[in-house]
$ cat query11.pdb   # PDB, C-alpha atoms, pLDDT in the B column
ATOM      1  CA  MET A   1      12.926  20.163 -26.088  1.00 75.00           C
ATOM      2  CA  TYR A   2      15.341  17.354 -27.006  1.00 79.00           C
ATOM      3  CA  GLU A   3      15.472  15.331 -30.191  1.00 83.00           C
ATOM      4  CA  GLY A   4      13.388  12.212 -30.833  1.00 89.00           C
ATOM      5  CA  VAL A   5      14.070   9.247 -28.620  1.00 92.00           C
ATOM      6  CA  VAL A   6      15.742  11.288 -25.830  1.00 92.00           C
ATOM      7  CA  GLN A   7      12.589  13.380 -25.434  1.00 92.00           C
ATOM      8  CA  ASP A   8      10.478  10.210 -25.624  1.00 93.00           C
ATOM      9  CA  LEU A   9      12.500   8.748 -22.738  1.00 93.00           C
ATOM     10  CA  ILE A  10      12.098  11.932 -20.670  1.00 94.00           C
ATOM     11  CA  ASP A  11       8.361  11.968 -21.370  1.00 94.00           C
ATOM     12  CA  GLU A  12       7.944   8.313 -20.351  1.00 94.00           C
ATOM     13  CA  LEU A  13       9.976   8.762 -17.163  1.00 95.00           C
ATOM     14  CA  GLY A  14       7.925  11.862 -16.349  1.00 94.00           C
ATOM     15  CA  ARG A  15       4.762   9.749 -16.357  1.00 94.00           C
ATOM     16  CA  LEU A  16       6.045   7.767 -13.356  1.00 93.00           C
ATOM     17  CA  PRO A  17       4.534   8.762  -9.978  1.00 89.00           C
ATOM     18  CA  GLY A  18       6.666  11.234  -8.063  1.00 91.00           C
ATOM     19  CA  VAL A  19       8.932  11.956 -11.043  1.00 94.00           C
ATOM     20  CA  GLY A  20       8.675  15.548 -12.221  1.00 93.00           C
ATOM     21  CA  PRO A  21      10.126  16.994 -15.441  1.00 92.00           C
ATOM     22  CA  LYS A  22      13.534  17.810 -13.901  1.00 94.00           C
ATOM     23  CA  SER A  23      13.864  14.389 -12.258  1.00 95.00           C
ATOM     24  CA  ALA A  24      12.844  12.707 -15.526  1.00 94.00           C
ATOM     25  CA  GLN A  25      15.526  14.650 -17.381  1.00 95.00           C
ATOM     26  CA  ARG A  26      18.148  13.776 -14.739  1.00 95.00           C
ATOM     27  CA  ILE A  27      17.278  10.063 -14.898  1.00 96.00           C
ATOM     28  CA  ALA A  28      17.299  10.095 -18.706  1.00 95.00           C
ATOM     29  CA  PHE A  29      20.767  11.616 -18.854  1.00 94.00           C
ATOM     30  CA  HIS A  30      21.988   9.204 -16.185  1.00 95.00           C
ATOM     31  CA  LEU A  31      20.783   6.311 -18.365  1.00 95.00           C
ATOM     32  CA  LEU A  32      22.456   7.844 -21.428  1.00 93.00           C
ATOM     33  CA  SER A  33      25.799   7.981 -19.636  1.00 94.00           C
ATOM     34  CA  ALA A  34      25.426   4.574 -17.935  1.00 94.00           C
ATOM     35  CA  ASP A  35      27.141   1.426 -19.134  1.00 95.00           C
ATOM     36  CA  ALA A  36      25.137  -0.374 -21.855  1.00 94.00           C
ATOM     37  CA  ALA A  37      25.108  -3.602 -19.796  1.00 95.00           C
ATOM     38  CA  ASP A  38      23.492  -1.767 -16.837  1.00 95.00           C
ATOM     39  CA  VAL A  39      20.787  -0.270 -19.050  1.00 95.00           C
ATOM     40  CA  ARG A  40      20.156  -3.651 -20.669  1.00 95.00           C
ATOM     41  CA  ARG A  41      19.827  -5.281 -17.221  1.00 96.00           C
ATOM     42  CA  LEU A  42      17.314  -2.584 -16.172  1.00 95.00           C
ATOM     43  CA  ALA A  43      15.273  -3.154 -19.350  1.00 95.00           C
ATOM     44  CA  GLU A  44      15.303  -6.936 -18.776  1.00 96.00           C
ATOM     45  CA  VAL A  45      14.156  -6.572 -15.164  1.00 96.00           C
ATOM     46  CA  LEU A  46      11.325  -4.233 -16.198  1.00 94.00           C
ATOM     47  CA  THR A  47      10.166  -6.708 -18.845  1.00 95.00           C
ATOM     48  CA  GLU A  48      10.478  -9.656 -16.461  1.00 94.00           C
ATOM     49  CA  VAL A  49       8.525  -7.890 -13.724  1.00 92.00           C
ATOM     50  CA  LYS A  50       5.621  -7.278 -16.122  1.00 92.00           C
ATOM     51  CA  SER A  51       5.593 -10.878 -17.339  1.00 92.00           C
ATOM     52  CA  ARG A  52       6.161 -12.740 -14.047  1.00 92.00           C
ATOM     53  CA  VAL A  53       4.637 -10.690 -11.243  1.00 92.00           C
ATOM     54  CA  ARG A  54       0.919 -10.974 -10.587  1.00 93.00           C
ATOM     55  CA  PHE A  55      -1.444 -10.286  -7.741  1.00 95.00           C
ATOM     56  CA  CYS A  56      -2.260 -12.873  -5.071  1.00 96.00           C
ATOM     57  CA  GLU A  57      -5.611 -14.528  -5.766  1.00 95.00           C
ATOM     58  CA  VAL A  58      -6.614 -14.251  -2.104  1.00 95.00           C
ATOM     59  CA  CYS A  59      -5.353 -10.924  -0.778  1.00 96.00           C
ATOM     60  CA  GLY A  60      -4.262  -8.915  -3.841  1.00 96.00           C
ATOM     61  CA  ASN A  61      -0.635  -8.515  -2.720  1.00 96.00           C
ATOM     62  CA  VAL A  62       2.105  -8.728  -5.370  1.00 95.00           C
ATOM     63  CA  SER A  63       3.390 -12.246  -5.901  1.00 95.00           C
ATOM     64  CA  GLN A  64       5.168 -14.457  -8.408  1.00 93.00           C
ATOM     65  CA  GLU A  65       2.793 -17.315  -7.606  1.00 93.00           C
ATOM     66  CA  GLN A  66      -0.979 -17.716  -7.278  1.00 94.00           C
ATOM     67  CA  LEU A  67      -0.699 -17.049  -3.542  1.00 95.00           C
ATOM     68  CA  CYS A  68       1.671 -14.550  -1.946  1.00 95.00           C
ATOM     69  CA  ARG A  69       4.187 -15.453   0.749  1.00 95.00           C
ATOM     70  CA  VAL A  70       1.849 -14.320   3.579  1.00 96.00           C
ATOM     71  CA  CYS A  71      -1.180 -16.264   2.319  1.00 96.00           C
ATOM     72  CA  ARG A  72       0.961 -19.411   1.881  1.00 96.00           C
ATOM     73  CA  ASP A  73       2.321 -19.205   5.451  1.00 96.00           C
ATOM     74  CA  PRO A  74       0.338 -21.625   7.684  1.00 96.00           C
ATOM     75  CA  ARG A  75       1.666 -19.882  10.803  1.00 96.00           C
ATOM     76  CA  ARG A  76      -0.306 -16.702  10.020  1.00 97.00           C
ATOM     77  CA  ASP A  77      -3.550 -16.158  11.959  1.00 96.00           C
ATOM     78  CA  PRO A  78      -6.442 -16.386   9.451  1.00 95.00           C
ATOM     79  CA  SER A  79      -8.921 -14.861  11.943  1.00 96.00           C
ATOM     80  CA  VAL A  80      -7.394 -11.366  11.670  1.00 96.00           C
ATOM     81  CA  ILE A  81      -7.207  -9.418   8.405  1.00 97.00           C
ATOM     82  CA  CYS A  82      -5.390  -6.128   8.033  1.00 96.00           C
ATOM     83  CA  VAL A  83      -6.847  -4.038   5.189  1.00 97.00           C
ATOM     84  CA  VAL A  84      -4.302  -1.813   3.417  1.00 97.00           C
ATOM     85  CA  GLU A  85      -4.355   0.386   0.332  1.00 96.00           C
ATOM     86  CA  GLU A  86      -1.296  -0.886  -1.548  1.00 96.00           C
ATOM     87  CA  SER A  87       1.250  -3.722  -1.489  1.00 95.00           C
ATOM     88  CA  LYS A  88       3.902  -1.314  -0.229  1.00 95.00           C
ATOM     89  CA  ASP A  89       1.819  -0.957   2.947  1.00 95.00           C
ATOM     90  CA  VAL A  90       2.132  -4.714   3.548  1.00 95.00           C
ATOM     91  CA  VAL A  91       5.919  -4.342   3.419  1.00 94.00           C
ATOM     92  CA  ALA A  92       5.812  -1.433   5.894  1.00 93.00           C
ATOM     93  CA  ILE A  93       3.702  -3.406   8.371  1.00 94.00           C
ATOM     94  CA  GLU A  94       5.781  -6.566   7.955  1.00 94.00           C
ATOM     95  CA  ARG A  95       8.918  -4.595   8.865  1.00 92.00           C
ATOM     96  CA  THR A  96       7.440  -3.972  12.337  1.00 89.00           C
ATOM     97  CA  ARG A  97       7.164  -7.739  13.011  1.00 90.00           C
ATOM     98  CA  GLU A  98       4.126  -6.947  15.176  1.00 90.00           C
ATOM     99  CA  PHE A  99       1.338  -8.335  12.985  1.00 94.00           C
ATOM    100  CA  ARG A 100       0.831 -12.084  12.565  1.00 95.00           C
ATOM    101  CA  GLY A 101      -2.481 -12.125  10.715  1.00 96.00           C
ATOM    102  CA  ARG A 102      -3.244 -11.885   7.007  1.00 97.00           C
ATOM    103  CA  TYR A 103      -3.785  -8.955   4.657  1.00 97.00           C
ATOM    104  CA  HIS A 104      -6.209  -7.615   2.118  1.00 98.00           C
ATOM    105  CA  VAL A 105      -4.883  -5.107  -0.430  1.00 98.00           C
ATOM    106  CA  LEU A 106      -7.605  -2.786  -1.753  1.00 97.00           C
ATOM    107  CA  GLY A 107      -5.569  -1.433  -4.658  1.00 96.00           C
ATOM    108  CA  GLY A 108      -6.061   2.207  -3.672  1.00 95.00           C
ATOM    109  CA  ALA A 109      -8.388   4.407  -1.658  1.00 96.00           C
ATOM    110  CA  ILE A 110     -11.742   6.066  -2.252  1.00 96.00           C
ATOM    111  CA  SER A 111     -11.084   9.392  -3.973  1.00 94.00           C
ATOM    112  CA  PRO A 112     -14.065  11.157  -5.580  1.00 91.00           C
ATOM    113  CA  MET A 113     -11.711  13.862  -6.937  1.00 90.00           C
ATOM    114  CA  GLU A 114      -9.867  11.202  -8.975  1.00 91.00           C
ATOM    115  CA  GLY A 115     -13.022   9.269  -9.818  1.00 93.00           C
ATOM    116  CA  VAL A 116     -12.168   6.292  -7.586  1.00 94.00           C
ATOM    117  CA  GLY A 117     -15.165   4.806  -5.814  1.00 94.00           C
ATOM    118  CA  PRO A 118     -15.682   1.638  -3.748  1.00 94.00           C
ATOM    119  CA  ASP A 119     -16.449  -0.379  -6.894  1.00 94.00           C
ATOM    120  CA  ASP A 120     -12.984   0.451  -8.259  1.00 96.00           C
ATOM    121  CA  LEU A 121     -11.315  -1.187  -5.243  1.00 97.00           C
ATOM    122  CA  ARG A 122     -11.157  -4.828  -4.108  1.00 96.00           C
ATOM    123  CA  MET A 123     -14.153  -4.421  -1.764  1.00 96.00           C
ATOM    124  CA  ARG A 124     -16.214  -7.332  -3.179  1.00 94.00           C
ATOM    125  CA  GLU A 125     -13.240  -9.662  -2.722  1.00 96.00           C
ATOM    126  CA  LEU A 126     -12.901  -8.494   0.898  1.00 96.00           C
ATOM    127  CA  LEU A 127     -16.590  -9.122   1.606  1.00 95.00           C
ATOM    128  CA  ALA A 128     -16.292 -12.594   0.072  1.00 94.00           C
ATOM    129  CA  ARG A 129     -13.350 -13.397   2.359  1.00 94.00           C
ATOM    130  CA  LEU A 130     -15.186 -12.121   5.423  1.00 94.00           C
ATOM    131  CA  SER A 131     -18.380 -14.061   4.664  1.00 91.00           C
ATOM    132  CA  SER A 132     -16.625 -17.380   5.379  1.00 86.00           C
ATOM    133  CA  GLY A 133     -16.964 -16.781   9.130  1.00 87.00           C
ATOM    134  CA  GLU A 134     -13.283 -17.508   9.783  1.00 92.00           C
ATOM    135  CA  VAL A 135     -12.357 -13.836  10.312  1.00 94.00           C
ATOM    136  CA  THR A 136     -13.168 -12.269  13.699  1.00 94.00           C
ATOM    137  CA  GLU A 137     -11.280  -8.957  13.456  1.00 94.00           C
ATOM    138  CA  THR A 138     -10.603  -6.563  10.611  1.00 95.00           C
ATOM    139  CA  ILE A 139      -7.894  -3.950  11.141  1.00 95.00           C
ATOM    140  CA  ILE A 140      -8.256  -0.960   8.842  1.00 95.00           C
ATOM    141  CA  ALA A 141      -4.772   0.363   8.053  1.00 94.00           C
ATOM    142  CA  THR A 142      -5.461   2.917   5.333  1.00 93.00           C
ATOM    143  CA  ASP A 143      -3.370   6.098   5.128  1.00 91.00           C
ATOM    144  CA  PRO A 144      -4.208   8.872   7.628  1.00 86.00           C
ATOM    145  CA  ASN A 145      -5.174  11.324   4.867  1.00 88.00           C
ATOM    146  CA  LEU A 146      -8.508  12.439   3.408  1.00 90.00           C
ATOM    147  CA  GLU A 147      -8.796   9.469   1.016  1.00 93.00           C
ATOM    148  CA  GLY A 148      -7.648   6.938   3.619  1.00 92.00           C
ATOM    149  CA  GLU A 149     -10.114   8.288   6.181  1.00 91.00           C
ATOM    150  CA  ALA A 150     -12.971   8.159   3.654  1.00 94.00           C
ATOM    151  CA  THR A 151     -12.058   4.553   2.852  1.00 96.00           C
ATOM    152  CA  ALA A 152     -11.827   3.622   6.553  1.00 94.00           C
ATOM    153  CA  THR A 153     -15.210   5.206   7.301  1.00 93.00           C
ATOM    154  CA  TYR A 154     -16.822   3.420   4.350  1.00 96.00           C
ATOM    155  CA  LEU A 155     -15.305   0.067   5.383  1.00 95.00           C
ATOM    156  CA  ALA A 156     -16.349   0.476   9.025  1.00 94.00           C
ATOM    157  CA  ARG A 157     -19.968   1.123   7.987  1.00 93.00           C
ATOM    158  CA  LEU A 158     -19.861  -1.838   5.610  1.00 93.00           C
ATOM    159  CA  LEU A 159     -18.291  -4.307   8.054  1.00 93.00           C
ATOM    160  CA  ARG A 160     -19.910  -3.528  11.425  1.00 90.00           C
ATOM    161  CA  PRO A 161     -23.258  -5.182  10.523  1.00 91.00           C
ATOM    162  CA  MET A 162     -21.321  -8.413   9.863  1.00 91.00           C
ATOM    163  CA  GLY A 163     -20.640  -8.743  13.608  1.00 89.00           C
ATOM    164  CA  LEU A 164     -16.877  -8.391  13.193  1.00 90.00           C
ATOM    165  CA  LYS A 165     -14.559  -6.480  15.462  1.00 92.00           C
ATOM    166  CA  VAL A 166     -13.479  -3.527  13.295  1.00 94.00           C
ATOM    167  CA  THR A 167     -10.425  -1.573  14.458  1.00 92.00           C
ATOM    168  CA  ARG A 168      -8.333   1.256  13.017  1.00 90.00           C
ATOM    169  CA  LEU A 169      -4.610   1.783  13.449  1.00 87.00           C
ATOM    170  CA  ALA A 170      -3.879   4.486  16.011  1.00 82.00           C
ATOM    171  CA  SER A 171      -2.467   7.744  14.752  1.00 79.00           C
ATOM    172  CA  GLY A 172      -0.762  10.570  16.550  1.00 78.00           C
ATOM    173  CA  LEU A 173       2.676  11.884  17.327  1.00 73.00           C
ATOM    174  CA  PRO A 174       5.747  10.314  15.729  1.00 76.00           C
ATOM    175  CA  VAL A 175       8.472   8.993  18.001  1.00 76.00           C
ATOM    176  CA  GLY A 176      11.219  11.592  18.273  1.00 76.00           C
ATOM    177  CA  GLY A 177       8.892  14.434  17.244  1.00 73.00           C
ATOM    178  CA  ASP A 178       8.358  17.753  19.018  1.00 77.00           C
ATOM    179  CA  LEU A 179       4.906  18.852  20.187  1.00 71.00           C
ATOM    180  CA  GLU A 180       5.451  22.401  18.933  1.00 78.00           C
ATOM    181  CA  TYR A 181       5.744  21.126  15.317  1.00 78.00           C
ATOM    182  CA  ALA A 182       2.661  18.868  15.389  1.00 77.00           C
ATOM    183  CA  ASP A 183      -0.401  20.082  13.498  1.00 79.00           C
ATOM    184  CA  GLU A 184      -3.757  20.348  15.282  1.00 80.00           C
ATOM    185  CA  VAL A 185      -5.254  17.208  13.699  1.00 77.00           C
ATOM    186  CA  THR A 186      -2.270  15.018  14.630  1.00 78.00           C
ATOM    187  CA  LEU A 187      -2.161  16.418  18.166  1.00 80.00           C
ATOM    188  CA  GLY A 188      -5.931  15.943  18.518  1.00 80.00           C
ATOM    189  CA  ARG A 189      -5.652  12.316  17.440  1.00 77.00           C
ATOM    190  CA  ALA A 190      -2.801  11.770  19.867  1.00 77.00           C
ATOM    191  CA  PHE A 191      -5.070  12.968  22.697  1.00 79.00           C
ATOM    192  CA  ALA A 192      -7.996  10.854  21.513  1.00 78.00           C
ATOM    193  CA  GLY A 193      -5.803   7.740  21.209  1.00 76.00           C
ATOM    194  CA  ARG A 194      -3.923   8.186  24.485  1.00 75.00           C
ATOM    195  CA  ARG A 195      -3.321   5.069  26.576  1.00 73.00           C
ATOM    196  CA  SER A 196      -2.811   4.347  30.231  1.00 66.00           C
ATOM    197  CA  LEU A 197       0.731   3.942  31.565  1.00 66.00           C
ATOM    198  CA  ASP A 198      -0.428   1.538  34.271  1.00 65.00           C
ATOM    199  CA  GLY A 199       1.753  -1.589  34.004  1.00 51.00           C
TER     200      GLY A 199
END
$ encode --input "query11.pdb" --output "C-alpha cells"
Amino acid sequence: MYEGVVQDLIDELGRLPGVGPKSAQRIAFHLLSADAADVRRLAEVLTEVKSRVRFCEVCGNVSQEQLCRVCRDPRRDPSVICVVEESKDVVAIERTREFRGRYHVLGGAISPMEGVGPDDLRMRELLARLSSGEVTETIIATDPNLEGEATATYLARLLRPMGLKVTRLASGLPVGGDLEYADEVTLGRAFAGRRSLDG
C-alpha cells in the first residue's frame, strides 16, 4: 500500500501480538512524525533488550543476570513454587504482595491447535526442580482459558504421584462485578470455590 520502507515498518509492526493492520499503520505514522532522538532511543532500547535480557536459569523468568530477582532473594520460601505461563504473570502476582514463594515460568500453555505440546514448554525443568525434595506445594496459576485449563490438568496429573500438594488458583467473580453479567462457567466456578464467612 505504501512505498518501500514505510510499508516494511507497517508490516513488521503488524507482526507484533495484539497489533492489527490499522494499529500498525497508526504506530508507523506516529514514529514518522516523532522526534529523531525519540526514535533513536526506542531503537537503542530494542537492541539493548535483545542483547542484555535473558531468562533465569532456575525459573525461566526474564532477567539481566543468571538468576532473576525472585530466585536471588533469600527471603523467598523455596518450598512453594507457583507455576505460570509467562513472565508477565509473575509481575501480576507480585503486584498482589500475597505470594512469598518462588516461580516457574513455562513459556506458554499447551495448545494443540497451535502445535504446542508439553515438550515445547519448560516441563522437564520443572520436574527437575521438584525432584530435589525441597518443594512441598506447587500452585498452578495458568490462565483460566481452554489452554490454561489443559495445562493445569496435565500438570496436576504429572505432579500428584510425586507426593506434592498441588493447588490451583481460585477463579470466579471479579470484585465490583454484577452477577447478571457473569457467564455460566465463571458463575459455576464461583459456586464451586465458595468459602465460609465464619471468622
$ resolve_selection --input "query11.pdb" --expression "the PyMOL selection byres ((chain A and resi 119-133) around 12)" --output "short mmCIF file (atom, residue, chain, number, x, y, z; two decimals) with C-alpha atoms, keeping the file's coordinate frame"
data_model
loop_
_atom_site.label_atom_id
_atom_site.label_comp_id
_atom_site.auth_asym_id
_atom_site.auth_seq_id
_atom_site.Cartn_x
_atom_site.Cartn_y
_atom_site.Cartn_z
CA PHE A 55 -1.44 -10.29 -7.74
CA CYS A 56 -2.26 -12.87 -5.07
CA GLU A 57 -5.61 -14.53 -5.77
CA VAL A 58 -6.61 -14.25 -2.10
CA CYS A 59 -5.35 -10.92 -0.78
CA GLY A 60 -4.26 -8.91 -3.84
CA ASN A 61 -0.64 -8.52 -2.72
CA PRO A 78 -6.44 -16.39 9.45
CA SER A 79 -8.92 -14.86 11.94
CA VAL A 80 -7.39 -11.37 11.67
CA ILE A 81 -7.21 -9.42 8.40
CA CYS A 82 -5.39 -6.13 8.03
CA VAL A 83 -6.85 -4.04 5.19
CA VAL A 84 -4.30 -1.81 3.42
CA GLU A 85 -4.36 0.39 0.33
CA GLU A 86 -1.30 -0.89 -1.55
CA ARG A 102 -3.24 -11.88 7.01
CA TYR A 103 -3.78 -8.96 4.66
CA HIS A 104 -6.21 -7.62 2.12
CA VAL A 105 -4.88 -5.11 -0.43
CA LEU A 106 -7.60 -2.79 -1.75
CA GLY A 107 -5.57 -1.43 -4.66
CA GLY A 108 -6.06 2.21 -3.67
CA ALA A 109 -8.39 4.41 -1.66
CA ILE A 110 -11.74 6.07 -2.25
CA SER A 111 -11.08 9.39 -3.97
CA PRO A 112 -14.06 11.16 -5.58
CA GLU A 114 -9.87 11.20 -8.98
CA GLY A 115 -13.02 9.27 -9.82
CA VAL A 116 -12.17 6.29 -7.59
CA GLY A 117 -15.16 4.81 -5.81
CA PRO A 118 -15.68 1.64 -3.75
CA GLU A 134 -13.28 -17.51 9.78
CA VAL A 135 -12.36 -13.84 10.31
CA THR A 136 -13.17 -12.27 13.70
CA GLU A 137 -11.28 -8.96 13.46
CA THR A 138 -10.60 -6.56 10.61
CA ILE A 140 -8.26 -0.96 8.84
CA THR A 151 -12.06 4.55 2.85
CA ALA A 152 -11.83 3.62 6.55
CA TYR A 154 -16.82 3.42 4.35
CA LEU A 155 -15.30 0.07 5.38
CA LEU A 158 -19.86 -1.84 5.61
CA LEU A 159 -18.29 -4.31 8.05
CA ARG A 160 -19.91 -3.53 11.42
CA PRO A 161 -23.26 -5.18 10.52
CA MET A 162 -21.32 -8.41 9.86
CA GLY A 163 -20.64 -8.74 13.61
CA LEU A 164 -16.88 -8.39 13.19
CA LYS A 165 -14.56 -6.48 15.46
CA VAL A 166 -13.48 -3.53 13.30
#
$ closest_residue --input "query11.pdb" --among "A:Met1, A:Val53, A:Glu147, A:Gly172" --to "A:Gly193" --atoms "all atoms listed in the file"
A:Gly172
$ atom_distance --input "query11.pdb" --atom1 "atom CA of A:Ser171" --atom2 "atom CA of A:Val62"
26.4 Å
$ closest_residue --input "query11.pdb" --among "A:Thr96, A:Leu169, A:Arg41, A:Gly14" --to "A:Glu149" --atoms "all atoms listed in the file"
A:Leu169
$ residues_around --input "query11.pdb" --residues "stretch 185-190 of chain A" --least-positions-apart "3" --cutoff "10 Å" --atoms "only C-alpha atoms" --output "number ranges by chain"
A: 144, 170-174, 179-182, 193-195
$ write_last_selection --input "query11.pdb" --atoms "C-alpha atoms" --output "short mmCIF file (atom, residue, chain, number, x, y, z; two decimals), keeping the file's coordinate frame"
data_model
loop_
_atom_site.label_atom_id
_atom_site.label_comp_id
_atom_site.auth_asym_id
_atom_site.auth_seq_id
_atom_site.Cartn_x
_atom_site.Cartn_y
_atom_site.Cartn_z
CA PRO A 144 -4.21 8.87 7.63
CA ALA A 170 -3.88 4.49 16.01
CA SER A 171 -2.47 7.74 14.75
CA GLY A 172 -0.76 10.57 16.55
CA LEU A 173 2.68 11.88 17.33
CA PRO A 174 5.75 10.31 15.73
CA LEU A 179 4.91 18.85 20.19
CA GLU A 180 5.45 22.40 18.93
CA TYR A 181 5.74 21.13 15.32
CA ALA A 182 2.66 18.87 15.39
CA GLY A 193 -5.80 7.74 21.21
CA ARG A 194 -3.92 8.19 24.48
CA ARG A 195 -3.32 5.07 26.58
#
